[in-house]
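my_file.txt follows (compact mmCIF, C-alpha atoms):
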```txt
# COMPACT_ATOMS: atom_id res chain seq x y z
CA MET J 1 -18.35 -0.42 15.67
CA SER J 2 -15.33 -1.42 17.70
CA PRO J 3 -11.75 -0.22 17.40
CA THR J 4 -9.36 -2.61 15.67
CA THR J 5 -5.64 -2.85 16.27
CA THR J 6 -3.24 -3.62 13.43
CA PRO J 7 -3.02 -7.42 13.10
CA ARG J 8 0.35 -9.14 13.14
CA SER J 9 0.87 -12.31 11.14
CA THR J 10 2.98 -13.51 8.25
CA THR J 11 0.69 -16.00 6.48
CA PRO J 12 -2.82 -14.63 5.86
CA ARG J 13 -4.78 -17.10 3.77
CA THR J 14 -8.44 -16.92 4.77
CA PRO J 15 -10.93 -14.11 5.43
CA GLY J 16 -10.55 -12.84 8.96
CA ALA J 17 -6.99 -14.09 9.32
CA ASP J 18 -4.36 -11.82 10.80
CA LEU J 19 -2.49 -9.57 8.41
CA PRO J 20 1.23 -9.65 7.60
CA GLU J 21 3.86 -7.52 9.22
CA HIS J 22 5.62 -7.31 5.84
CA PRO J 23 2.88 -7.11 3.23
CA ASP J 24 5.26 -7.09 0.26
CA SER J 25 5.83 -10.81 0.90
CA LEU J 26 2.28 -11.45 -0.28
CA TRP J 27 3.17 -11.09 -3.96
CA ARG J 28 6.08 -11.77 -6.26
CA ASN J 29 8.31 -8.94 -7.45
CA PRO J 30 9.62 -10.36 -10.73
CA GLU J 31 11.71 -8.80 -13.45
CA PRO J 32 9.52 -7.77 -16.40
CA LYS J 33 9.28 -10.23 -19.27
CA LYS J 34 9.91 -9.16 -22.85
CA ALA J 35 6.23 -9.41 -23.82
CA TYR J 36 2.74 -9.80 -22.35
CA ASP J 37 -0.73 -10.30 -23.76
CA VAL J 38 -2.01 -7.39 -21.66
CA VAL J 39 -0.05 -4.57 -20.06
CA ILE J 40 -1.97 -2.57 -17.45
CA VAL J 41 -0.45 0.82 -16.66
CA GLY J 42 -1.25 1.74 -13.07
CA GLY J 43 -0.79 -0.47 -10.02
CA GLY J 44 -3.60 0.98 -7.93
CA GLY J 45 -6.97 -0.50 -7.11
CA HIS J 46 -8.32 -0.26 -10.66
CA GLY J 47 -5.26 -1.81 -12.28
CA LEU J 48 -5.10 -4.64 -9.76
CA ALA J 49 -8.85 -5.33 -9.95
CA THR J 50 -8.74 -5.37 -13.75
CA ALA J 51 -5.96 -7.96 -13.66
CA HIS J 52 -7.93 -10.02 -11.13
CA TYR J 53 -11.03 -10.23 -13.31
CA LEU J 54 -8.99 -10.84 -16.47
CA VAL J 55 -7.76 -13.96 -14.70
CA LYS J 56 -10.95 -14.96 -12.94
CA ASN J 57 -13.54 -14.24 -15.63
CA HIS J 58 -11.56 -14.63 -18.84
CA GLY J 59 -8.59 -16.90 -18.08
CA ILE J 60 -6.06 -14.30 -19.25
CA THR J 61 -2.94 -14.66 -17.10
CA ASN J 62 -0.07 -13.35 -19.25
CA VAL J 63 -0.58 -9.91 -17.77
CA ALA J 64 1.75 -7.26 -16.35
CA VAL J 65 0.67 -4.47 -13.99
CA LEU J 66 3.15 -1.60 -14.23
CA GLU J 67 3.42 0.86 -11.34
CA LYS J 68 5.81 3.82 -11.39
CA GLY J 69 5.98 3.94 -7.59
CA TRP J 70 4.95 1.27 -5.13
CA LEU J 71 1.89 -0.92 -5.36
CA ALA J 72 -1.34 0.89 -4.45
CA GLY J 73 0.68 3.94 -3.39
CA GLY J 74 -1.24 6.53 -5.39
CA ASN J 75 -4.91 7.34 -4.91
CA MET J 76 -5.50 3.87 -3.49
CA ALA J 77 -3.47 4.90 -0.46
CA ARG J 78 -4.73 8.50 -0.49
CA ASN J 79 -8.52 8.34 -0.26
CA THR J 80 -11.18 8.16 2.44
CA THR J 81 -12.44 4.62 1.65
CA LEU J 82 -16.15 5.45 1.32
CA ILE J 83 -18.29 2.99 -0.64
CA ARG J 84 -21.83 3.72 -1.85
CA SER J 85 -23.99 3.37 -4.97
CA ASN J 86 -26.69 6.04 -4.52
CA TYR J 87 -25.99 7.92 -7.76
CA LEU J 88 -28.72 9.66 -9.73
CA TRP J 89 -28.54 8.51 -13.33
CA ASP J 90 -29.22 4.96 -14.50
CA ALA J 91 -25.75 4.51 -16.01
CA SER J 92 -23.98 5.57 -12.81
CA ALA J 93 -26.30 3.62 -10.54
CA ALA J 94 -25.71 0.47 -12.60
CA ILE J 95 -21.93 0.40 -12.37
CA TYR J 96 -21.71 1.58 -8.75
CA GLU J 97 -24.37 -0.90 -7.59
CA HIS J 98 -22.57 -3.67 -9.47
CA SER J 99 -19.46 -2.63 -7.59
CA LEU J 100 -21.21 -2.55 -4.22
CA LYS J 101 -22.51 -6.08 -4.74
CA LEU J 102 -18.96 -7.21 -5.52
CA TRP J 103 -17.71 -5.44 -2.37
CA GLU J 104 -20.18 -7.51 -0.35
CA GLY J 105 -18.46 -10.72 -1.45
CA LEU J 106 -14.93 -9.44 -2.06
CA GLU J 107 -13.36 -10.74 1.15
CA GLU J 108 -14.44 -14.26 0.30
CA ASP J 109 -13.40 -13.84 -3.34
CA LEU J 110 -9.90 -12.66 -2.46
CA GLY J 111 -9.47 -14.92 0.54
CA TYR J 112 -8.20 -11.92 2.40
CA PRO J 113 -9.65 -9.60 5.08
CA ILE J 114 -10.60 -6.15 3.80
CA LEU J 115 -12.63 -4.94 6.84
CA PHE J 116 -15.67 -4.02 4.75
CA SER J 117 -18.09 -2.38 7.19
CA GLN J 118 -21.60 -1.56 5.93
CA ARG J 119 -22.55 1.23 8.32
CA GLY J 120 -24.66 3.37 5.96
CA VAL J 121 -24.29 6.89 4.58
CA LEU J 122 -26.32 10.03 5.25
CA ASN J 123 -26.29 12.81 2.63
CA LEU J 124 -27.67 15.81 4.51
CA ALA J 125 -30.14 18.32 3.07
CA HIS J 126 -30.04 21.88 4.43
CA THR J 127 -32.31 23.83 2.04
CA LEU J 128 -35.63 23.25 0.31
CA GLN J 129 -33.79 22.70 -2.97
CA ASP J 130 -31.55 20.14 -1.23
CA VAL J 131 -34.71 18.36 -0.08
CA ARG J 132 -36.21 18.31 -3.57
CA ASP J 133 -32.98 17.06 -5.14
CA SER J 134 -32.52 14.46 -2.42
CA VAL J 135 -36.02 13.03 -2.71
CA ARG J 136 -35.60 12.87 -6.48
CA ARG J 137 -32.39 10.90 -6.08
CA VAL J 138 -34.00 8.52 -3.57
CA GLU J 139 -36.85 7.76 -5.96
CA ALA J 140 -34.41 7.26 -8.84
CA ASN J 141 -32.37 4.88 -6.67
CA LYS J 142 -35.46 2.85 -5.79
CA LEU J 143 -36.36 2.49 -9.46
CA ASN J 144 -32.86 1.05 -10.01
CA GLY J 145 -33.19 -1.42 -7.13
CA ILE J 146 -30.81 0.46 -4.84
CA ASP J 147 -31.52 0.68 -1.13
CA ALA J 148 -32.30 4.32 -0.44
CA GLU J 149 -34.68 6.27 1.73
CA TRP J 150 -35.48 9.82 2.75
CA VAL J 151 -35.21 10.48 6.49
CA ASP J 152 -36.23 13.63 8.34
CA ALA J 153 -34.11 15.51 10.88
CA GLU J 154 -35.47 13.50 13.78
CA GLU J 155 -34.52 10.24 12.08
CA VAL J 156 -31.09 11.66 11.23
CA ALA J 157 -30.56 12.23 14.96
CA LYS J 158 -31.52 8.62 15.68
CA ILE J 159 -29.15 7.22 13.06
CA CYS J 160 -26.26 9.52 14.05
CA PRO J 161 -26.88 11.17 17.45
CA ILE J 162 -23.76 13.36 17.31
CA VAL J 163 -24.96 15.38 14.28
CA ASN J 164 -26.10 18.87 15.24
CA THR J 165 -29.78 18.87 14.22
CA SER J 166 -30.64 22.11 16.02
CA SER J 167 -32.80 24.55 14.04
CA ASP J 168 -30.78 27.49 15.36
CA ILE J 169 -27.65 27.06 13.22
CA ARG J 170 -26.37 28.43 9.91
CA TYR J 171 -27.50 25.45 7.84
CA PRO J 172 -30.18 23.51 9.77
CA VAL J 173 -30.50 19.82 8.88
CA MET J 174 -33.84 19.35 7.11
CA GLY J 175 -33.33 15.65 6.47
CA ALA J 176 -31.08 13.34 4.50
CA THR J 177 -30.89 10.55 2.00
CA TYR J 178 -29.83 7.29 3.66
CA GLN J 179 -28.28 4.22 2.06
CA PRO J 180 -27.90 1.51 4.74
CA ARG J 181 -25.66 -0.79 2.63
CA ALA J 182 -22.98 1.88 2.12
CA GLY J 183 -19.81 1.60 4.14
CA ILE J 184 -16.04 1.67 4.32
CA ALA J 185 -13.18 -0.78 3.76
CA LYS J 186 -9.50 -0.83 4.64
CA HIS J 187 -7.86 0.47 1.46
CA ASP J 188 -4.40 -1.04 2.04
CA TYR J 189 -5.86 -4.48 2.70
CA VAL J 190 -7.92 -4.26 -0.48
CA GLY J 191 -4.81 -3.54 -2.53
CA TRP J 192 -2.81 -6.28 -0.85
CA GLY J 193 -5.64 -8.79 -1.28
CA PHE J 194 -5.89 -8.17 -5.01
CA ALA J 195 -2.10 -8.22 -5.38
CA ARG J 196 -1.73 -11.54 -3.59
CA ARG J 197 -4.49 -13.16 -5.61
CA ILE J 198 -3.25 -12.06 -9.04
CA SER J 199 0.38 -12.79 -8.22
CA ASP J 200 -0.55 -16.34 -7.26
CA ALA J 201 -2.35 -16.62 -10.61
CA GLY J 202 0.79 -15.67 -12.57
CA VAL J 203 0.25 -11.94 -13.15
CA ASP J 204 3.50 -9.96 -12.90
CA ILE J 205 3.35 -6.86 -10.70
CA ILE J 206 6.23 -4.59 -11.70
CA GLN J 207 6.88 -1.82 -9.19
CA GLY J 208 9.22 1.10 -9.78
CA CYS J 209 8.46 0.87 -13.49
CA GLU J 210 7.46 4.21 -14.99
CA VAL J 211 6.09 4.35 -18.53
CA THR J 212 8.09 6.84 -20.61
CA GLY J 213 6.61 6.24 -24.05
CA PHE J 214 4.87 3.87 -26.43
CA VAL J 215 5.98 2.00 -29.54
CA ARG J 216 3.40 2.61 -32.25
CA ASP J 217 2.69 0.93 -35.56
CA GLY J 218 -0.10 2.76 -37.32
CA ASP J 219 -3.26 2.49 -35.24
CA ARG J 220 -1.76 -0.09 -32.88
CA VAL J 221 0.60 0.14 -29.92
CA THR J 222 3.10 -2.70 -30.06
CA GLY J 223 5.13 -1.92 -26.98
CA VAL J 224 5.55 0.15 -23.85
CA ARG J 225 8.76 2.00 -23.10
CA THR J 226 9.59 2.00 -19.39
CA THR J 227 12.39 2.86 -17.01
CA ARG J 228 12.98 -0.90 -16.78
CA GLY J 229 13.17 -1.47 -20.52
CA ASP J 230 10.80 -1.91 -23.43
CA ILE J 231 7.92 -4.36 -23.04
CA ALA J 232 6.02 -5.72 -26.05
CA CYS J 233 2.27 -6.09 -25.64
CA GLY J 234 -0.87 -7.27 -27.35
CA THR J 235 -3.16 -4.88 -25.51
CA VAL J 236 -2.57 -1.81 -23.33
CA ALA J 237 -4.97 -0.76 -20.57
CA LEU J 238 -4.47 2.65 -19.01
CA ALA J 239 -5.57 2.90 -15.37
CA ALA J 240 -3.39 5.69 -14.00
CA ALA J 241 -6.01 8.04 -12.49
CA GLY J 242 -4.56 11.54 -12.04
CA SER J 243 -1.56 10.77 -14.25
CA THR J 244 -3.69 9.67 -17.20
CA SER J 245 -3.19 12.88 -19.18
CA VAL J 246 0.60 12.39 -19.01
CA LEU J 247 0.19 9.02 -20.73
CA THR J 248 -2.41 10.09 -23.28
CA ASP J 249 -0.19 13.02 -24.27
CA MET J 250 2.46 10.46 -25.22
CA LEU J 251 -0.13 8.86 -27.53
CA ASP J 252 -1.31 12.18 -28.96
CA VAL J 253 -4.81 11.46 -27.67
CA ARG J 254 -6.72 14.39 -26.17
CA VAL J 255 -8.76 13.42 -23.12
CA PRO J 256 -11.14 15.89 -21.39
CA ILE J 257 -9.84 15.51 -17.85
CA GLN J 258 -8.23 17.83 -15.35
CA SER J 259 -6.11 16.71 -12.42
CA HIS J 260 -6.58 18.31 -9.01
CA PRO J 261 -5.30 17.62 -5.50
CA LEU J 262 -7.96 16.24 -3.15
CA GLN J 263 -7.08 16.64 0.51
CA ALA J 264 -8.20 14.62 3.50
CA LEU J 265 -7.22 14.24 7.12
CA VAL J 266 -7.57 12.04 10.18
CA SER J 267 -7.84 12.85 13.84
CA GLU J 268 -6.16 11.18 16.76
CA LEU J 269 -7.59 7.83 17.86
CA LEU J 270 -10.95 8.15 19.60
CA GLU J 271 -13.44 5.81 21.20
CA PRO J 272 -16.28 4.78 18.85
CA VAL J 273 -18.58 7.82 18.61
CA HIS J 274 -19.55 8.04 14.94
CA PRO J 275 -21.71 5.09 13.81
CA THR J 276 -22.18 5.93 10.13
CA ILE J 277 -20.90 8.19 7.31
CA VAL J 278 -22.21 11.75 7.08
CA MET J 279 -21.83 14.00 4.05
CA SER J 280 -22.92 17.61 3.57
CA ASN J 281 -22.66 19.71 0.42
CA GLN J 282 -23.71 22.95 2.08
CA VAL J 283 -21.37 22.75 5.05
CA HIS J 284 -18.87 21.01 2.77
CA VAL J 285 -17.42 18.12 4.67
CA TYR J 286 -17.84 14.37 4.96
CA VAL J 287 -16.86 12.37 8.03
CA SER J 288 -16.58 8.72 9.01
CA GLN J 289 -14.70 6.92 11.75
CA ALA J 290 -12.04 4.39 10.81
CA HIS J 291 -11.76 0.94 12.31
CA LYS J 292 -8.98 1.96 14.70
CA GLY J 293 -10.85 5.08 15.83
CA GLU J 294 -9.58 8.00 13.74
CA LEU J 295 -12.11 10.43 12.35
CA VAL J 296 -11.60 10.50 8.59
CA MET J 297 -12.77 13.63 6.80
CA GLY J 298 -12.48 15.48 3.54
CA ALA J 299 -14.30 17.94 1.31
CA GLY J 300 -13.93 19.10 -2.29
CA VAL J 301 -10.92 19.24 -4.57
CA ASP J 302 -8.48 22.12 -4.53
CA SER J 303 -9.40 24.52 -7.31
CA TYR J 304 -6.00 24.57 -9.01
CA ASN J 305 -4.65 21.90 -11.37
CA GLY J 306 -1.63 19.87 -10.39
CA TYR J 307 -0.07 16.45 -9.95
CA GLY J 308 1.27 17.04 -6.43
CA GLN J 309 0.11 14.75 -3.61
CA ARG J 310 -0.25 17.69 -1.29
CA GLY J 311 -2.51 20.70 -0.91
CA ALA J 312 -3.12 24.07 0.68
CA PHE J 313 -3.67 24.60 4.39
CA HIS J 314 -6.74 26.81 4.00
CA VAL J 315 -8.67 23.84 2.53
CA ILE J 316 -7.87 21.73 5.59
CA GLU J 317 -8.86 24.63 7.85
CA ARG J 318 -12.26 24.87 6.16
CA GLN J 319 -12.78 21.12 6.46
CA MET J 320 -12.14 21.21 10.20
CA ALA J 321 -14.41 24.23 10.69
CA ALA J 322 -17.20 22.48 8.77
CA ALA J 323 -16.75 19.29 10.79
CA VAL J 324 -17.07 21.18 14.08
CA GLU J 325 -20.17 22.95 12.78
CA LEU J 326 -21.88 19.64 12.03
CA PHE J 327 -20.39 17.75 14.98
CA PRO J 328 -19.79 20.05 18.00
CA VAL J 329 -18.51 17.02 19.91
CA PHE J 330 -15.38 17.10 17.68
CA ALA J 331 -14.33 20.57 18.84
CA ARG J 332 -11.51 19.24 21.01
CA ALA J 333 -10.32 16.46 18.71
CA HIS J 334 -6.74 16.84 17.52
CA LEU J 335 -5.55 16.61 13.93
CA LEU J 336 -3.18 13.67 13.42
CA ARG J 337 -2.15 13.87 9.74
CA THR J 338 -3.24 15.08 6.32
CA TRP J 339 -2.63 13.92 2.77
CA ALA J 340 -3.82 14.48 -0.79
CA GLY J 341 -4.58 12.33 -3.80
CA VAL J 342 -4.55 13.42 -7.43
CA VAL J 343 -8.05 13.13 -8.86
CA ASP J 344 -8.88 13.20 -12.56
CA THR J 345 -12.15 15.00 -13.23
CA THR J 346 -14.29 15.17 -16.38
CA PRO J 347 -16.76 17.89 -17.41
CA ASP J 348 -19.75 15.74 -16.38
CA ALA J 349 -18.22 14.26 -13.18
CA SER J 350 -18.47 10.75 -14.62
CA PRO J 351 -15.70 8.34 -15.63
CA ILE J 352 -14.32 7.41 -19.03
CA ILE J 353 -14.23 3.66 -19.76
CA SER J 354 -13.49 3.46 -23.43
CA ARG J 355 -11.63 2.36 -26.47
CA THR J 356 -9.23 4.92 -27.92
CA PRO J 357 -8.24 5.80 -31.50
CA TYR J 358 -5.71 2.96 -31.15
CA GLU J 359 -7.41 -0.39 -31.72
CA ASN J 360 -5.61 -2.14 -28.85
CA VAL J 361 -5.45 0.65 -26.23
CA TYR J 362 -8.21 0.97 -23.64
CA LEU J 363 -8.76 3.89 -21.32
CA ASN J 364 -10.08 4.00 -17.76
CA CYS J 365 -9.95 7.41 -16.09
CA GLY J 366 -11.98 10.41 -14.96
CA TRP J 367 -13.41 8.86 -11.80
CA GLY J 368 -12.74 12.05 -9.91
CA THR J 369 -13.61 11.33 -6.31
CA GLY J 370 -15.44 8.05 -6.98
CA GLY J 371 -12.55 5.75 -7.84
CA PHE J 372 -12.16 3.71 -4.66
CA LYS J 373 -15.80 2.76 -4.35
CA ALA J 374 -15.82 1.60 -7.97
CA THR J 375 -12.74 -0.63 -7.61
CA PRO J 376 -14.19 -4.15 -8.03
CA GLY J 377 -16.99 -3.07 -10.35
CA LEU J 378 -14.66 -1.20 -12.68
CA GLY J 379 -12.20 -4.10 -12.63
CA TRP J 380 -14.95 -6.50 -13.72
CA VAL J 381 -16.28 -4.19 -16.45
CA PHE J 382 -12.88 -3.06 -17.78
CA ALA J 383 -11.58 -6.64 -17.91
CA ASP J 384 -14.65 -7.68 -19.88
CA THR J 385 -14.20 -4.77 -22.29
CA ILE J 386 -10.53 -5.66 -22.85
CA ALA J 387 -11.14 -9.40 -23.23
CA ASN J 388 -14.01 -9.02 -25.71
CA GLY J 389 -12.87 -5.91 -27.56
CA GLU J 390 -16.28 -4.35 -27.04
CA PRO J 391 -17.60 -2.18 -24.20
CA HIS J 392 -19.35 -4.02 -21.40
CA PRO J 393 -22.99 -2.78 -21.11
CA TYR J 394 -22.10 -0.96 -17.89
CA ALA J 395 -19.17 0.74 -19.64
CA ALA J 396 -20.95 1.75 -22.85
CA PRO J 397 -22.45 5.04 -21.51
CA PHE J 398 -18.99 6.20 -20.42
CA SER J 399 -17.27 6.12 -23.80
CA LEU J 400 -14.92 8.89 -24.85
CA ASP J 401 -17.16 9.92 -27.73
CA ARG J 402 -19.93 11.17 -25.43
CA PHE J 403 -18.08 14.45 -25.25
CA THR J 404 -18.61 14.74 -29.02
CA THR J 405 -22.18 13.44 -29.20
CA GLY J 406 -23.33 15.34 -26.11
CA ALA J 407 -24.69 12.21 -24.37
CA LEU J 408 -23.22 13.27 -21.02
CA VAL J 409 -23.85 11.56 -17.68
CA ASP J 410 -23.95 14.59 -15.39
CA GLU J 411 -23.32 13.42 -11.83
CA HIS J 412 -22.14 16.70 -10.30
CA GLY J 413 -24.99 16.53 -7.79
CA ALA J 414 -24.69 12.88 -6.78
CA ALA J 415 -20.90 13.08 -6.70
CA ALA J 416 -21.67 15.32 -3.74
CA VAL J 417 -18.97 16.85 -1.60
CA ALA J 418 -16.39 14.42 -2.86
CA HIS J 419 -16.63 10.75 -2.02
```

Now that the file is in, can you turn its structure into structure tokens?
Amino acid sequence: MSPTTTPRSTTPRTPGADLPEHPDSLWRNPEPKKAYDVVIVGGGGHGLATAHYLVKNHGITNVAVLEKGWLAGGNMARNTTLIRSNYLWDASAAIYEHSLKLWEGLEEDLGYPILFSQRGVLNLAHTLQDVRDSVRRVEANKLNGIDAEWVDAEEVAKICPIVNTSSDIRYPVMGATYQPRAGIAKHDYVGWGFARRISDAGVDIIQGCEVTGFVRDGDRVTGVRTTRGDIACGTVALAAAGSTSVLTDMLDVRVPIQSHPLQALVSELLEPVHPTIVMSNQVHVYVSQAHKGELVMGAGVDSYNGYGQRGAFHVIERQMAAAVELFPVFARAHLLRTWAGVVDTTPDASPIISRTPYENVYLNCGWGTGGFKATPGLGWVFADTIANGEPHPYAAPFSLDRFTTGALVDEHGAAAVAH
């Protein structure tokens, strides 16, 4: 891995080209039209990707993406950019692996650099139960065609020499699961790449456009009320992550999600020292190194509910203590900045991709800490569900009615520390 400086250019058009100094010039900022075939609420990664695949796979271009703030300024700008597909259950493995395969060709698809770096991920095991659970997940991954292997402590040290693999510590490393194809991408560039592509295709991206209500006619929604006027629509797709419950309340639809702050932080710029991604449930931290050299780390969500993009200091303090425990070499690294996203979590730690009681309203939410890595895969699947009026096979297990039938997809273990 080598450090990368921020590129400076005004006309990016091909993968690997320099990036713009003023990225908002990449897409149009039109006034909203009176009506659209599809209105997507949420201008983050999922909303943008859904619009992209509506255009690319289904030829639907009369689409508006509504964003109450600025494009990709919510969780898309407030995550830790980790991408992997090593989830336990078949349903989860299918959609995340579909997404990872799309990530591998996304730069070419968008014609825009996203700095996708497949450096692998280690999920550490510190107890005998961790080992049993980890080996089980590896075998399940292999059955689903996902690259996964179990590595012992000695191999962990070879893959990531700066991990403390001493036996004389609080939680000795007994081994790890390893997915070599996992990696990171530059979140801003991903958002800009999608925005540029869909804008060129005729999709309207409407920033500063908060949804304040819906116009209903029986079991259909005929329009969206916004701070920039009413917009008629044929179909509504909700992709607002942590703010989803605010929107569903307007529709009188109960959704089993809770919103929590999820904090993360970066260090000052460092020389390349961390070659992969390391996650630990017991020590409760995950760490990677960004392209420019910052250490990027996070842990679990704050326990309280809220919509604030901020969090409590004691959570950050615990993250830093855990990072130093796993990586003694970081003891003298300095904290540069912190932030928080608003994650929407479900009882089974799996997403909701579903129709709603309204025949033309579709719901995408509940990704918790897995939203960024699912971006292209969810966009593909959600667009297909909207275009055909039926759940895509990868979406079917994540319907809203599973919380009534009991057919849960419990990924609390594979969701791991967070990302």

Given all atoms listed in the file as the basis, pick out the residue of J:Leu106, J:Glu268, J:Leu115, J:Pro161 nearest to Val329 of chain J.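 Distance minimum relative to Val329 of chain J lands on J:Pro161.
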
I'd like the neighbourhood of Tyr358 of chain J as a PDB file with C-alpha atoms, keeping the file's coordinate frame, where a residue qualifies if any of its atoms comes within 9 Å (using all atoms listed in the file), though same-chain residues fewer than 3 positions away should be ignored.
```pdb
ATOM      1  CA  GLY J 218      -0.100   2.760 -37.320  1.00  0.00           C
ATOM      2  CA  ASP J 219      -3.260   2.490 -35.240  1.00  0.00           C
ATOM      3  CA  ARG J 220      -1.760  -0.090 -32.880  1.00  0.00           C
ATOM      4  CA  VAL J 221       0.600   0.140 -29.920  1.00  0.00           C
ATOM      5  CA  LEU J 251      -0.130   8.860 -27.530  1.00  0.00           C
ATOM      6  CA  ARG J 355     -11.630   2.360 -26.470  1.00  0.00           C
ATOM      7  CA  VAL J 361      -5.450   0.650 -26.230  1.00  0.00           C
ATOM      8  CA  TYR J 362      -8.210   0.970 -23.640  1.00  0.00           C
TER       9      TYR J 362
END
```

Residue nearest Lys186 of chain J - candidates J:Leu143, J:Ile206, J:Val342, J:Leu82, atoms counted: only C-alpha atoms: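 Checking each of J:Leu143, J:Ile206, J:Val342, J:Leu82 against Lys186 of chain J, counting only C-alpha atoms, the winner is J:Leu82.
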
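Remark: for Leu270 of chain J, the closest of the candidate residues J:Ala333, J:Val121, J:Ala349, J:Ala185 is J:Ala333 (distances computed over only C-alpha atoms).
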
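A straight line drawn from atom CA of His412 of chain J to atom CA of Pro347 of chain J is 9.0 Å long.
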
Between atom CA of Val381 of chain J and atom CA of Glu210 of chain J, what is the spacing in Å?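 Result for atom CA of Glu210 of chain J versus atom CA of Val381 of chain J: 25.2 Å, one decimal.
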
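With distances restricted to only C-alpha atoms, J:Glu67 is the closest residue to Thr226 of chain J from J:Asp168, J:Glu390, J:Glu67, J:Asp410.
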
Which residue of J:Asn141, J:Thr375, J:Ser354, J:Asn305 approaches Pro393 of chain J most closely, using all atoms listed in the file: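 Among the listed residues, the smallest separation from Pro393 of chain J belongs to J:Ser354.
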
State, in Å with one decimal place, the distance from atom CA of Ser117 of chain J to atom CA of Asn364 of chain J.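 For atom CA of Ser117 of chain J relative to atom CA of Asn364 of chain J, the distance reads 27.0 Å.
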
Taking all atoms of segment 92-106 of chain J that the file lists, what box with edges along x, y and z, padded by 4 Å per side, do you get, with centre and edge lengths in Å to one decimal, as JSON?
```
{"center_x": -20.6, "center_y": -2.6, "center_z": -6.6, "size_x": 19.4, "size_y": 24.3, "size_z": 20.5}
```

With N, CA and C atoms as the atom set, please write segment 291-304 of chain J from the structure just given, as a PDB file, in the first residue's frame.
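Output (part-v8.pdb):
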```
ATOM      1  N   HIS J 291      -5.934   5.330   2.304  1.00  0.00           N
ATOM      2  CA  HIS J 291      -4.988   5.500   1.212  1.00  0.00           C
ATOM      3  C   HIS J 291      -3.960   6.587   1.493  1.00  0.00           C
ATOM      4  N   LYS J 292      -4.380   7.665   2.171  1.00  0.00           N
ATOM      5  CA  LYS J 292      -3.441   8.750   2.453  1.00  0.00           C
ATOM      6  C   LYS J 292      -2.550   8.462   3.655  1.00  0.00           C
ATOM      7  N   GLY J 293      -2.940   7.489   4.497  1.00  0.00           N
ATOM      8  CA  GLY J 293      -2.095   7.111   5.618  1.00  0.00           C
ATOM      9  C   GLY J 293      -2.746   7.173   6.984  1.00  0.00           C
ATOM     10  N   GLU J 294      -3.985   7.688   7.084  1.00  0.00           N
ATOM     11  CA  GLU J 294      -4.630   7.722   8.393  1.00  0.00           C
ATOM     12  C   GLU J 294      -5.020   6.306   8.823  1.00  0.00           C
ATOM     13  N   LEU J 295      -4.896   6.044  10.117  1.00  0.00           N
ATOM     14  CA  LEU J 295      -5.510   4.844  10.673  1.00  0.00           C
ATOM     15  C   LEU J 295      -6.988   5.132  10.853  1.00  0.00           C
ATOM     16  N   VAL J 296      -7.827   4.254  10.355  1.00  0.00           N
ATOM     17  CA  VAL J 296      -9.276   4.402  10.463  1.00  0.00           C
ATOM     18  C   VAL J 296      -9.770   3.322  11.418  1.00  0.00           C
ATOM     19  N   MET J 297     -10.481   3.712  12.462  1.00  0.00           N
ATOM     20  CA  MET J 297     -10.921   2.712  13.434  1.00  0.00           C
ATOM     21  C   MET J 297     -12.296   3.035  13.978  1.00  0.00           C
ATOM     22  N   GLY J 298     -12.962   1.987  14.426  1.00  0.00           N
ATOM     23  CA  GLY J 298     -14.271   2.124  15.033  1.00  0.00           C
ATOM     24  C   GLY J 298     -14.548   0.915  15.896  1.00  0.00           C
ATOM     25  N   ALA J 299     -15.751   0.857  16.444  1.00  0.00           N
ATOM     26  CA  ALA J 299     -16.138  -0.275  17.286  1.00  0.00           C
ATOM     27  C   ALA J 299     -17.643  -0.454  17.144  1.00  0.00           C
ATOM     28  N   GLY J 300     -18.351  -0.641  18.253  1.00  0.00           N
ATOM     29  CA  GLY J 300     -19.787  -0.856  18.187  1.00  0.00           C
ATOM     30  C   GLY J 300     -20.568   0.436  18.286  1.00  0.00           C
ATOM     31  N   VAL J 301     -21.886   0.315  18.137  1.00  0.00           N
ATOM     32  CA  VAL J 301     -22.747   1.492  18.200  1.00  0.00           C
ATOM     33  C   VAL J 301     -22.876   1.968  19.642  1.00  0.00           C
ATOM     34  N   ASP J 302     -23.160   3.252  19.800  1.00  0.00           N
ATOM     35  CA  ASP J 302     -23.522   3.766  21.121  1.00  0.00           C
ATOM     36  C   ASP J 302     -24.838   3.111  21.545  1.00  0.00           C
ATOM     37  N   SER J 303     -24.999   2.869  22.822  1.00  0.00           N
ATOM     38  CA  SER J 303     -26.145   2.100  23.290  1.00  0.00           C
ATOM     39  C   SER J 303     -27.462   2.864  23.216  1.00  0.00           C
ATOM     40  N   TYR J 304     -27.399   4.193  23.243  1.00  0.00           N
ATOM     41  CA  TYR J 304     -28.637   4.967  23.261  1.00  0.00           C
ATOM     42  C   TYR J 304     -29.164   5.187  21.845  1.00  0.00           C
TER      43      TYR J 304
END
```
